[in-house]
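Colleague: To be precise about what I am sending: the file is called coords.txt and holds compact mmCIF, C-alpha atoms.
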```txt
# COMPACT_ATOMS: atom_id res chain seq x y z
CA MET P 165 18.62 5.73 -28.20
CA ALA P 166 18.28 3.32 -25.29
CA ARG P 167 15.49 0.97 -24.36
CA ILE P 168 14.86 0.37 -20.67
CA THR P 169 12.56 -2.21 -19.12
CA PHE P 170 11.56 -2.83 -15.51
CA ARG P 171 10.48 -6.25 -14.19
CA GLN P 172 8.18 -4.56 -11.73
CA ASP P 173 7.15 -7.62 -9.75
CA ARG P 174 10.72 -8.12 -8.52
CA CYS P 175 11.04 -4.53 -7.25
CA LYS P 176 11.01 -3.96 -3.47
CA GLY P 177 10.93 -0.17 -3.81
CA CYS P 178 14.34 0.60 -2.32
CA ARG P 179 14.70 3.73 -4.51
CA LEU P 180 18.40 3.25 -5.20
CA CYS P 181 17.83 3.54 -8.96
CA SER P 182 15.87 6.74 -8.46
CA ALA P 183 18.74 8.16 -6.37
CA VAL P 184 21.47 7.41 -8.93
CA CYS P 185 19.65 8.38 -12.15
CA PRO P 186 21.53 11.44 -13.48
CA ARG P 187 18.45 12.55 -15.41
CA GLY P 188 16.11 12.15 -12.44
CA ILE P 189 13.56 10.33 -14.55
CA ILE P 190 13.04 7.24 -12.37
CA VAL P 191 10.20 7.60 -9.86
CA MET P 192 8.12 5.29 -7.70
CA SER P 193 4.82 4.16 -9.17
CA ASP P 194 1.47 4.87 -7.53
CA GLU P 195 0.52 1.27 -8.31
CA ILE P 196 1.35 -1.62 -5.98
CA ASN P 197 3.13 -4.69 -7.31
CA GLU P 198 2.65 -8.38 -6.51
CA MET P 199 4.77 -8.15 -3.34
CA GLY P 200 2.96 -5.06 -2.07
CA TYR P 201 5.61 -2.47 -2.88
CA HIS P 202 5.48 0.67 -5.00
CA PRO P 203 7.82 -0.31 -7.84
CA ALA P 204 10.20 1.97 -9.70
CA ILE P 205 9.09 3.23 -13.12
CA ILE P 206 10.56 5.54 -15.71
CA LYS P 207 8.54 8.67 -16.33
CA ALA P 208 10.23 9.94 -19.48
CA LYS P 209 11.62 7.05 -21.51
CA GLU P 210 12.82 9.32 -24.29
CA LYS P 211 15.17 11.14 -21.89
CA CYS P 212 17.04 7.94 -20.90
CA THR P 213 20.64 8.04 -22.05
CA GLY P 214 21.25 4.35 -21.46
CA CYS P 215 23.99 5.02 -18.90
CA THR P 216 22.97 1.80 -17.04
CA LEU P 217 23.70 3.23 -13.58
CA CYS P 218 20.23 2.20 -12.40
CA ALA P 219 20.67 -1.35 -13.68
CA ILE P 220 24.08 -1.63 -12.00
CA VAL P 221 22.83 -0.40 -8.64
CA CYS P 222 19.61 -2.44 -8.58
CA PRO P 223 20.01 -5.27 -6.03
CA ASP P 224 17.07 -7.21 -7.45
CA LEU P 225 17.93 -7.29 -11.17
CA VAL P 226 14.74 -5.42 -11.99
CA ILE P 227 16.16 -3.17 -14.69
CA GLU P 228 17.38 -4.09 -18.14
CA VAL P 229 18.94 -1.50 -20.43
CA GLU P 230 19.50 -2.08 -24.12
CA ARG P 231 21.54 0.33 -26.18
CA GLU P 232 23.26 0.39 -29.53
CA GLU P 233 27.00 -0.26 -29.56
CA LYS P 234 28.97 2.45 -31.25
CA VAL P 235 30.79 0.81 -34.15
CA VAL P 236 34.12 2.49 -34.73
CA MET T 26 20.59 -15.50 0.97
CA LYS T 27 17.79 -13.18 2.00
CA GLY T 28 18.05 -11.59 5.47
CA ASN T 29 14.86 -13.23 6.67
CA GLU T 30 16.09 -16.65 5.57
CA ALA T 31 19.46 -16.10 7.26
CA ILE T 32 17.66 -15.47 10.55
CA GLY T 33 15.74 -18.72 10.10
CA GLU T 34 18.86 -20.77 9.36
CA GLY T 35 20.75 -19.08 12.20
CA ALA T 36 17.95 -19.96 14.60
CA VAL T 37 17.86 -23.61 13.54
CA ARG T 38 21.63 -23.92 13.93
CA ALA T 39 21.40 -22.22 17.33
CA GLY T 40 19.19 -25.08 18.48
CA CYS T 41 15.81 -23.39 18.09
CA ARG T 42 13.20 -26.09 17.47
CA TYR T 43 9.96 -24.20 17.98
CA PHE T 44 8.48 -21.27 16.12
CA PHE T 45 5.08 -19.76 16.68
CA GLY T 46 4.19 -16.80 14.54
CA TYR T 47 1.97 -15.06 12.10
CA PRO T 48 3.04 -13.72 8.71
CA ILE T 49 3.49 -10.00 8.12
CA THR T 50 5.50 -8.15 5.50
CA PRO T 51 8.48 -7.48 5.54
CA GLN T 52 9.13 -10.53 7.74
CA SER T 53 7.12 -13.23 5.97
CA GLU T 54 10.05 -15.04 4.32
CA LEU T 55 11.24 -15.98 7.80
CA THR T 56 7.98 -17.80 8.54
CA HIS T 57 8.08 -19.41 5.07
CA TYR T 58 11.64 -20.59 5.65
CA LEU T 59 11.02 -22.05 9.08
CA ALA T 60 7.78 -23.73 7.98
CA LYS T 61 9.93 -25.77 5.60
CA ARG T 62 13.11 -26.04 7.68
CA LEU T 63 11.95 -26.84 11.23
CA PRO T 64 10.22 -30.16 10.38
CA GLU T 65 13.47 -31.29 8.69
CA VAL T 66 15.27 -31.11 12.04
CA GLY T 67 12.45 -32.55 14.13
CA GLY T 68 11.16 -29.14 15.19
CA LEU T 69 7.71 -27.63 15.15
CA TYR T 70 6.47 -24.70 13.12
CA LEU T 71 3.02 -23.44 13.90
CA GLN T 72 1.18 -20.54 12.35
CA ALA T 73 -0.89 -19.30 15.25
CA GLU T 74 -4.24 -17.56 14.88
CA SER T 75 -2.72 -14.23 15.90
CA GLU T 76 0.37 -12.54 17.29
CA VAL T 77 -1.19 -12.59 20.76
CA ALA T 78 -1.51 -16.37 20.54
CA SER T 79 2.04 -16.67 19.13
CA ILE T 80 3.75 -14.92 22.01
CA ASN T 81 1.79 -16.94 24.57
CA MET T 82 2.75 -20.18 22.81
CA VAL T 83 6.35 -18.96 23.09
CA TYR T 84 5.71 -18.56 26.85
CA GLY T 85 4.59 -22.18 27.02
CA ALA T 86 7.52 -23.64 25.07
CA ALA T 87 10.06 -21.47 26.93
CA GLY T 88 8.49 -22.60 30.22
CA VAL T 89 9.42 -26.22 29.51
CA GLY T 90 12.97 -25.14 28.62
CA ALA T 91 12.92 -25.28 24.81
CA ARG T 92 14.73 -22.83 22.56
CA VAL T 93 11.82 -21.01 20.97
CA MET T 94 11.24 -17.88 18.95
CA THR T 95 8.65 -15.75 17.21
CA SER T 96 8.89 -12.91 14.75
CA SER T 97 6.76 -10.10 13.42
CA SER T 98 6.82 -6.48 12.35
CA GLY T 99 5.64 -3.33 14.16
CA PRO T 100 1.85 -3.90 14.34
CA GLY T 101 2.32 -7.55 15.38
CA ILE T 102 5.01 -6.72 17.93
CA SER T 103 2.61 -4.19 19.47
CA LEU T 104 0.07 -6.99 19.93
CA MET T 105 2.77 -9.05 21.67
CA GLN T 106 3.63 -6.48 24.33
CA GLU T 107 1.50 -8.06 27.04
CA GLY T 108 3.14 -11.43 26.43
CA LEU T 109 6.61 -9.86 26.43
CA SER T 110 5.99 -8.36 29.85
CA TYR T 111 4.85 -11.80 31.10
CA LEU T 112 7.95 -13.46 29.59
CA ALA T 113 10.18 -10.90 31.32
CA GLY T 114 8.27 -11.28 34.59
CA ALA T 115 8.46 -15.07 34.55
CA GLU T 116 12.10 -14.86 33.36
CA LEU T 117 11.65 -17.05 30.34
CA PRO T 118 14.44 -17.20 27.74
CA SER T 119 13.03 -16.52 24.28
CA VAL T 120 13.92 -14.69 21.09
CA ILE T 121 11.67 -12.21 19.30
CA VAL T 122 12.48 -10.73 15.89
CA ASN T 123 11.04 -7.32 14.96
CA MET T 124 11.48 -6.55 11.28
CA MET T 125 10.52 -2.90 11.68
CA ARG T 126 8.29 -1.14 9.14
CA GLY T 127 6.81 2.32 8.77
CA GLY T 128 4.29 3.39 11.41
CA PRO T 129 2.48 4.38 13.55
CA GLY T 130 -0.73 2.38 13.17
CA LEU T 131 -0.88 -0.08 10.33
CA GLY T 132 1.63 2.17 8.58
CA ASN T 133 3.23 0.57 5.54
CA ILE T 134 5.68 -2.17 4.60
CA ALA T 135 8.70 0.07 3.98
CA PRO T 136 11.76 -0.15 6.27
CA SER T 137 11.86 1.97 9.43
CA GLN T 138 13.54 2.15 12.84
CA SER T 139 10.69 3.71 14.74
CA ASP T 140 10.21 0.85 17.24
CA TYR T 141 13.43 1.72 19.11
CA PHE T 142 11.57 3.12 22.12
CA GLN T 143 9.23 0.13 22.20
CA ALA T 144 12.10 -2.36 22.21
CA THR T 145 14.56 -0.60 24.52
CA LYS T 146 12.27 1.19 26.97
CA GLY T 147 9.66 -1.55 27.25
CA GLY T 148 6.35 -1.41 25.35
CA GLY T 149 4.65 -3.57 27.95
CA HIS T 150 3.83 -2.88 31.59
CA GLY T 151 6.11 -3.12 34.59
CA ASP T 152 9.79 -2.54 35.34
CA TYR T 153 11.30 -4.87 32.79
CA ARG T 154 13.96 -4.87 30.09
CA LEU T 155 14.49 -6.73 26.86
CA ILE T 156 18.00 -7.32 25.58
CA ALA T 157 17.89 -5.59 22.17
CA LEU T 158 20.34 -6.49 19.39
CA ALA T 159 20.77 -4.54 16.15
CA PRO T 160 22.54 -6.42 13.32
CA ASN T 161 23.54 -4.60 10.13
CA SER T 162 24.32 -7.31 7.58
CA VAL T 163 22.80 -10.59 6.46
CA GLN T 164 25.84 -12.44 7.82
CA GLU T 165 25.29 -10.78 11.16
CA LEU T 166 21.59 -11.68 11.17
CA PHE T 167 22.70 -15.30 10.81
CA ASN T 168 25.42 -15.13 13.47
CA MET T 169 23.42 -13.07 15.91
CA MET T 170 20.72 -15.69 16.34
CA LYS T 171 23.22 -17.84 18.24
CA LYS T 172 24.16 -14.89 20.43
CA ALA T 173 20.49 -14.07 20.99
CA PHE T 174 19.65 -17.56 22.23
CA GLU T 175 22.78 -17.69 24.39
CA LEU T 176 22.00 -14.35 26.04
CA ALA T 177 18.38 -15.42 26.55
CA ASP T 178 19.46 -18.60 28.34
CA LYS T 179 22.31 -16.96 30.24
CA TYR T 180 20.08 -14.32 31.81
CA ARG T 181 16.69 -16.06 31.55
CA ASN T 182 15.37 -13.05 29.69
CA PRO T 183 13.60 -12.39 26.38
CA VAL T 184 15.91 -11.05 23.66
CA ILE T 185 14.65 -8.92 20.76
CA LEU T 186 16.42 -8.72 17.43
CA LEU T 187 15.57 -5.19 16.31
CA THR T 188 16.03 -4.92 12.60
CA ASP T 189 14.17 -3.44 9.65
CA GLY T 190 12.59 -4.23 6.31
CA ILE T 191 15.79 -3.55 4.37
CA MET T 192 17.73 -6.12 6.38
CA GLY T 193 14.97 -8.68 5.95
CA GLN T 194 14.62 -8.19 2.20
CA MET T 195 18.31 -7.71 1.41
CA MET T 196 20.27 -10.48 -0.27
CA GLU T 197 23.93 -10.93 0.59
CA PRO T 198 26.37 -13.83 0.61
CA VAL T 199 26.41 -15.67 3.94
CA ASP T 200 29.15 -17.95 5.23
CA LEU T 201 27.18 -20.77 6.84
CA GLU T 202 30.35 -22.68 7.65
CA GLU T 203 31.28 -20.33 10.45
CA GLU T 204 31.94 -22.02 13.76
CA PHE T 205 28.55 -22.68 15.21
CA GLU T 206 28.95 -25.04 18.12
CA VAL T 207 25.88 -24.93 20.26
CA GLU T 208 25.59 -25.92 23.86
CA ILE T 209 22.14 -25.64 25.34
CA PRO T 210 22.48 -25.25 29.11
CA GLN T 211 20.61 -27.33 31.67
CA LYS T 212 17.42 -25.66 32.82
CA PRO T 213 16.62 -27.07 36.26
CA TRP T 214 13.95 -24.39 36.71
CA ALA T 215 11.89 -25.55 33.70
CA ALA T 216 8.43 -27.04 34.13
CA SER T 217 9.38 -30.19 32.24
CA GLY T 218 8.24 -32.83 34.73
CA LYS T 219 10.09 -34.27 37.71
CA ILE T 220 12.84 -35.88 35.69
CA ASP T 221 15.84 -34.32 37.36
CA HIS T 222 14.54 -32.56 40.43
CA GLU T 223 12.31 -32.94 43.47
CA GLY T 224 9.38 -30.67 44.23
CA LYS T 225 7.51 -28.65 41.65
CA ASN T 226 8.77 -25.95 39.35
CA VAL T 227 6.35 -23.07 38.89
CA ILE T 228 6.55 -20.61 36.00
CA ASN T 229 4.75 -17.52 37.15
CA SER T 230 4.73 -13.75 37.04
CA CYS T 231 1.85 -13.16 39.46
CA PHE T 232 2.84 -12.21 43.02
CA VAL T 233 -0.19 -10.86 44.82
CA ILE T 234 1.65 -9.76 47.96
CA PRO T 235 3.52 -6.50 47.27
CA GLU T 236 6.47 -7.46 49.51
CA GLU T 237 7.04 -10.57 47.39
CA MET T 238 6.60 -8.67 44.13
CA GLU T 239 9.15 -6.14 45.30
CA LYS T 240 11.66 -8.92 46.01
CA VAL T 241 11.13 -10.28 42.49
CA ASN T 242 11.64 -6.78 41.08
CA ILE T 243 14.84 -6.28 43.05
CA ARG T 244 16.14 -9.60 41.72
CA LEU T 245 15.23 -8.53 38.17
CA GLN T 246 16.94 -5.16 38.60
CA LYS T 247 20.11 -6.88 39.85
CA LYS T 248 20.04 -9.03 36.73
CA TYR T 249 19.53 -5.99 34.49
CA PHE T 250 22.43 -4.24 36.21
CA GLU T 251 24.63 -7.26 35.55
CA ILE T 252 23.61 -7.22 31.87
CA GLU T 253 24.41 -3.50 31.67
CA GLN T 254 27.87 -4.20 33.08
CA ASN T 255 28.73 -7.18 30.90
CA GLU T 256 26.95 -7.08 27.58
CA PRO T 257 27.08 -3.67 25.83
CA VAL T 258 28.69 -3.96 22.41
CA TYR T 259 29.44 -1.26 19.87
CA GLU T 260 31.51 -0.92 16.75
CA GLY T 261 33.68 2.13 16.11
CA TYR T 262 34.60 3.15 12.59
CA SER T 263 37.13 5.82 11.64
CA LEU T 264 37.12 7.26 15.17
CA GLU T 265 40.80 8.23 15.06
CA GLY T 266 40.84 12.04 15.35
CA ALA T 267 37.11 12.26 14.62
CA GLU T 268 35.59 15.62 15.53
CA LEU T 269 32.12 14.93 14.19
CA ILE T 270 30.82 11.51 15.21
CA LEU T 271 27.81 9.93 13.54
CA VAL T 272 25.78 7.46 15.57
CA ALA T 273 23.56 4.93 13.83
CA PHE T 274 22.38 1.33 14.12
CA GLY T 275 21.22 -1.29 11.63
CA THR T 276 20.55 -0.12 8.09
CA ALA T 277 21.28 3.53 8.93
CA SER T 278 24.78 2.54 10.11
CA ARG T 279 25.60 1.14 6.66
CA ILE T 280 24.53 4.39 5.05
CA CYS T 281 26.60 6.32 7.60
CA ARG T 282 29.70 4.28 6.83
CA ALA T 283 29.52 5.56 3.26
CA VAL T 284 28.92 9.09 4.58
CA VAL T 285 32.01 8.90 6.81
CA GLU T 286 34.15 7.77 3.87
CA LYS T 287 32.84 10.61 1.68
CA ALA T 288 33.27 13.19 4.45
CA ARG T 289 36.85 12.06 5.15
CA ALA T 290 37.63 12.30 1.42
CA GLN T 291 36.47 15.93 1.58
CA GLY T 292 38.62 16.68 4.62
CA ILE T 293 35.92 16.50 7.30
CA PRO T 294 37.18 14.44 10.28
CA ALA T 295 34.07 12.25 10.70
CA GLY T 296 33.68 8.94 12.49
CA LEU T 297 30.93 6.48 13.30
CA ILE T 298 29.76 4.73 16.44
CA ARG T 299 27.41 1.87 15.75
CA PRO T 300 25.66 0.40 18.81
CA VAL T 301 25.31 -3.37 18.30
CA THR T 302 23.36 -3.79 21.53
CA LEU T 303 20.65 -1.12 21.88
CA TRP T 304 19.84 -2.27 25.38
CA PRO T 305 22.15 -2.43 27.21
CA PHE T 306 23.16 0.81 25.47
CA PRO T 307 26.95 1.00 24.97
CA SER T 308 27.39 4.28 26.87
CA GLY T 309 31.04 3.47 27.61
CA GLY T 310 31.96 4.01 23.96
CA PHE T 311 30.69 7.57 24.11
CA GLU T 312 32.57 8.52 27.25
CA LYS T 313 35.80 7.77 25.39
CA ALA T 314 34.74 9.34 22.09
CA ALA T 315 33.29 12.47 23.71
CA VAL T 316 36.73 13.51 24.92
CA GLN T 317 37.84 14.40 21.40
CA ALA T 318 34.51 14.80 19.60
CA LYS T 319 33.09 18.28 19.16
CA CYS T 320 29.71 17.21 17.89
CA PHE T 321 27.54 14.10 17.56
CA LEU T 322 24.93 13.41 14.88
CA THR T 323 22.54 10.47 15.22
CA VAL T 324 21.09 9.21 11.96
CA GLU T 325 17.94 7.18 12.39
CA MET T 326 14.96 6.12 10.32
CA ASN T 327 12.66 7.73 12.88
CA ALA T 328 11.94 11.13 14.43
CA GLY T 329 14.76 10.86 16.98
CA GLN T 330 14.61 7.98 19.46
CA MET T 331 18.15 6.65 20.03
CA VAL T 332 19.29 10.30 20.14
CA GLU T 333 17.93 10.43 23.72
CA ASP T 334 20.24 7.61 24.83
CA VAL T 335 23.16 9.22 23.01
CA ARG T 336 22.49 12.50 24.86
CA LEU T 337 22.48 10.64 28.18
CA ALA T 338 25.71 8.87 27.26
CA VAL T 339 27.45 12.04 26.06
CA ASN T 340 26.15 13.77 29.20
CA GLY T 341 26.47 17.34 27.98
CA LYS T 342 30.09 17.07 26.90
CA ALA T 343 29.21 17.88 23.27
CA PRO T 344 26.08 18.84 21.36
CA VAL T 345 24.07 15.92 19.96
CA HIS T 346 22.07 16.50 16.78
CA HIS T 347 19.62 14.24 14.96
CA TYR T 348 18.89 13.55 11.31
CA GLY T 349 16.05 11.24 10.41
CA ARG T 350 13.66 10.19 7.69
CA LEU T 351 10.20 9.06 8.71
CA GLY T 352 7.39 6.68 7.83
CA GLY T 353 9.42 4.18 5.82
CA MET T 354 11.71 6.59 3.96
CA VAL T 355 15.42 5.73 3.92
CA PRO T 356 18.03 8.50 4.21
CA ALA T 357 20.29 8.82 1.15
CA ALA T 358 24.04 9.05 1.83
CA GLY T 359 24.18 12.34 -0.08
CA ASP T 360 21.53 13.95 2.11
CA VAL T 361 23.27 12.86 5.32
CA LEU T 362 26.55 14.21 3.94
CA GLU T 363 24.86 17.59 3.35
CA GLU T 364 23.76 17.60 6.99
CA VAL T 365 27.31 16.71 8.08
CA LYS T 366 28.68 19.62 6.02
CA ARG T 367 26.03 21.98 7.36
CA LEU T 368 27.03 21.12 10.93
CA TYR T 369 30.76 21.11 10.28
CA TYR T 370 30.98 24.37 8.36
CA GLY T 371 27.98 25.98 10.05
CA GLY T 372 29.70 26.29 13.40
CA ALA T 373 28.23 23.31 15.24
CA VAL T 374 31.75 21.93 15.46
CA ARG T 375 33.45 24.58 17.58
```
How does this structure look as structure tokens?
Modeller:
Amino acid sequence: MARITFRQDRCKGCRLCSAVCPRGIIVMSDEINEMGYHPAIIKAKEKCTGCTLCAIVCPDLVIEVEREEKVV
Amino acid sequence: MKGNEAIGEGAVRAGCRYFFGYPITPQSELTHYLAKRLPEVGGLYLQAESEVASINMVYGAAGVGARVMTSSSGPGISLMQEGLSYLAGAELPSVIVNMMRGGPGLGNIAPSQSDYFQATKGGGHGDYRLIALAPNSVQELFNMMKKAFELADKYRNPVILLTDGIMGQMMEPVDLEEEFEVEIPQKPWAASGKIDHEGKNVINSCFVIPEEMEKVNIRLQKKYFEIEQNEPVYEGYSLEGAELILVAFGTASRICRAVVEKARAQGIPAGLIRPVTLWPFPSGGFEKAAVQAKCFLTVEMNAGQMVEDVRLAVNGKAPVHHYGRLGGMVPAAGDVLEEVKRLYYGGAVR
């Protein structure tokens, strides 16, 4: 189970995260953020695998992914 | 450094001391930056009451021989068209930045390339040309300001930096230490008082007698011809043996670079021509490339504007296709690659 959070006011709506998400669960919000952009949001949190691709690709450090380490 | 800030710093180091403008997203950080930076170097930043006022203040400062600039985005640049025509008519060196956004109308604040026609074909009245430059990295935004001011002074012509919201908002490392020696040429034509010349200097674009106006036009056309001979610049990427050549400028050219790499990895001989100057358009690059190329594909963030110049440059030697996203949407590398495959395997490449 992964927990994902978006700092929406830093998002400039470039859609890179939406393009790389293998589950296709990141979409652009209908709301407008502080800077005037439609920020990225996650539409089905429970489907997030915590792969962190979105967080890696985000140029504005909007996305934070927390997941449990597998202890061997 | 953010693209908008890099433009500001590049301008200051290129000797620009005057900025007149009006904020508009996605260009506002440039006005913020210069509002802080210009007073530090003894310059003047002024937020005018409108874009119309800004461009006419640029006319004034350029008329006395100062290095001066303004910046805006689509809707503001449209308001400046009358002033741009006057600047071109009076042959005043000046630099204008257009951080393009989605249109037409008020549109939106997302990145776009739909002001290509306006910048390269002239949005204002009369037979005039703007020198149009299209950078594609934050480093280049910084470096190109020097080139923009030099071209403006060399030809006594307004220069437009045609770039888009992605470039303005993007953050990339910038090497500010790059050689940046600036020499501002003497301007004996400037209306700066009778310090170094006799008689009066008049800055004017109004010639009531048609014979005189025609002479001015012929002189302008000679100048434009000279620019077309000397200044076109393009960048070729992976053109060796390329059968399918992508053509893109600015942000789209970065996406296309990735597409070319992916296509090559899949065995499709693709290459990329990236015009750095949009006017003068680097037609020479296409004459060479068209000999081996079987098909061209322009990728633009508009409905197909530069594609017309590519068709003229290719001159019927190969088919020229267009792929574009509109209204502020940015093409994804994967989607462009699909189009490349469709053309390559679908018979467009003979």
Colleague: So, counting only C-alpha atoms, which residue among P:Arg171, P:Lys211, P:Arg187, P:His202 is closest to chain T?
Modeller: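 Looking only at the distances to chain T, the closest residue turns out to be P:His202.
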Colleague: For Ala204 of chain P, list every protein, DNA or RNA residue within 12 Å, evaluated using only C-alpha atoms, and leave out those in the same chain fewer than 2 positions away; present the list as a PyMOL selection string.
Modeller: chain P and resi 169-183+185+189-197+201-202+206-207+218-219+222+224+226-227
Colleague: Using all atoms listed in the file, find each residue in chain T having at least one atom no more than 10 Å away from chain P; report its shortest atom-to-atom pair and that distance in Å (one decimal), rows by chain then rising number, as a tab-separated table.
Modeller:
```
residue	atom	partner	partner_atom	distance
T:Thr50	CA	P:Gly200	CA	8.6
T:Pro51	CA	P:Met199	CA	9.6
T:Asn133	CA	P:Tyr201	CA	9.3
T:Ile134	CA	P:Tyr201	CA	7.5
T:Ala135	CA	P:Tyr201	CA	7.9
T:Pro136	CA	P:Cys178	CA	9.0
T:Gly190	CA	P:Lys176	CA	9.9
T:Ile191	CA	P:Cys178	CA	8.0
T:Gln194	CA	P:Lys176	CA	7.9
T:Met195	CA	P:Pro223	CA	8.0
T:Met196	CA	P:Pro223	CA	7.8
T:Glu197	CA	P:Pro223	CA	9.6
T:Met354	CA	P:Cys178	CA	9.1
T:Val355	CA	P:Cys178	CA	8.1
T:Ala357	CA	P:Ala183	CA	7.7
T:Ala358	CA	P:Ala183	CA	9.8
T:Gly359	CA	P:Ala183	CA	9.3
```
Colleague: Can you write out the residues you just picked, keeping C-alpha atoms, as a PDB file, in the frame of the given file?
Modeller:
```pdb
ATOM      1  CA  THR T  50       5.500  -8.150   5.500  1.00  0.00           C
ATOM      2  CA  PRO T  51       8.480  -7.480   5.540  1.00  0.00           C
ATOM      3  CA  ASN T 133       3.230   0.570   5.540  1.00  0.00           C
ATOM      4  CA  ILE T 134       5.680  -2.170   4.600  1.00  0.00           C
ATOM      5  CA  ALA T 135       8.700   0.070   3.980  1.00  0.00           C
ATOM      6  CA  PRO T 136      11.760  -0.150   6.270  1.00  0.00           C
ATOM      7  CA  GLY T 190      12.590  -4.230   6.310  1.00  0.00           C
ATOM      8  CA  ILE T 191      15.790  -3.550   4.370  1.00  0.00           C
ATOM      9  CA  GLN T 194      14.620  -8.190   2.200  1.00  0.00           C
ATOM     10  CA  MET T 195      18.310  -7.710   1.410  1.00  0.00           C
ATOM     11  CA  MET T 196      20.270 -10.480  -0.270  1.00  0.00           C
ATOM     12  CA  GLU T 197      23.930 -10.930   0.590  1.00  0.00           C
ATOM     13  CA  MET T 354      11.710   6.590   3.960  1.00  0.00           C
ATOM     14  CA  VAL T 355      15.420   5.730   3.920  1.00  0.00           C
ATOM     15  CA  ALA T 357      20.290   8.820   1.150  1.00  0.00           C
ATOM     16  CA  ALA T 358      24.040   9.050   1.830  1.00  0.00           C
ATOM     17  CA  GLY T 359      24.180  12.340  -0.080  1.00  0.00           C
TER      18      GLY T 359
END
```
Colleague: Would you compute the distance between atom CA of Leu217 of chain P and atom CA of Pro186 of chain P? Give it in Å to one decimal.
Modeller: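 Calculated distance between atom CA of Leu217 of chain P and atom CA of Pro186 of chain P is 8.5 Å.
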Colleague: Write out as a PyMOL selection string the residues lying within 12 Å of Lys247 of chain T, counting all atoms listed in the file and excluding same-chain residues fewer than 5 positions away.
Modeller: chain T and resi 153-154+180+240-242+252-254
Colleague: Rounded to one decimal, what separation in Å do you get between atom CA of Val339 of chain T and atom CA of Ser308 of chain T?
Modeller: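 So the two atoms, atom CA of Val339 of chain T and atom CA of Ser308 of chain T, lie 7.8 Å apart.
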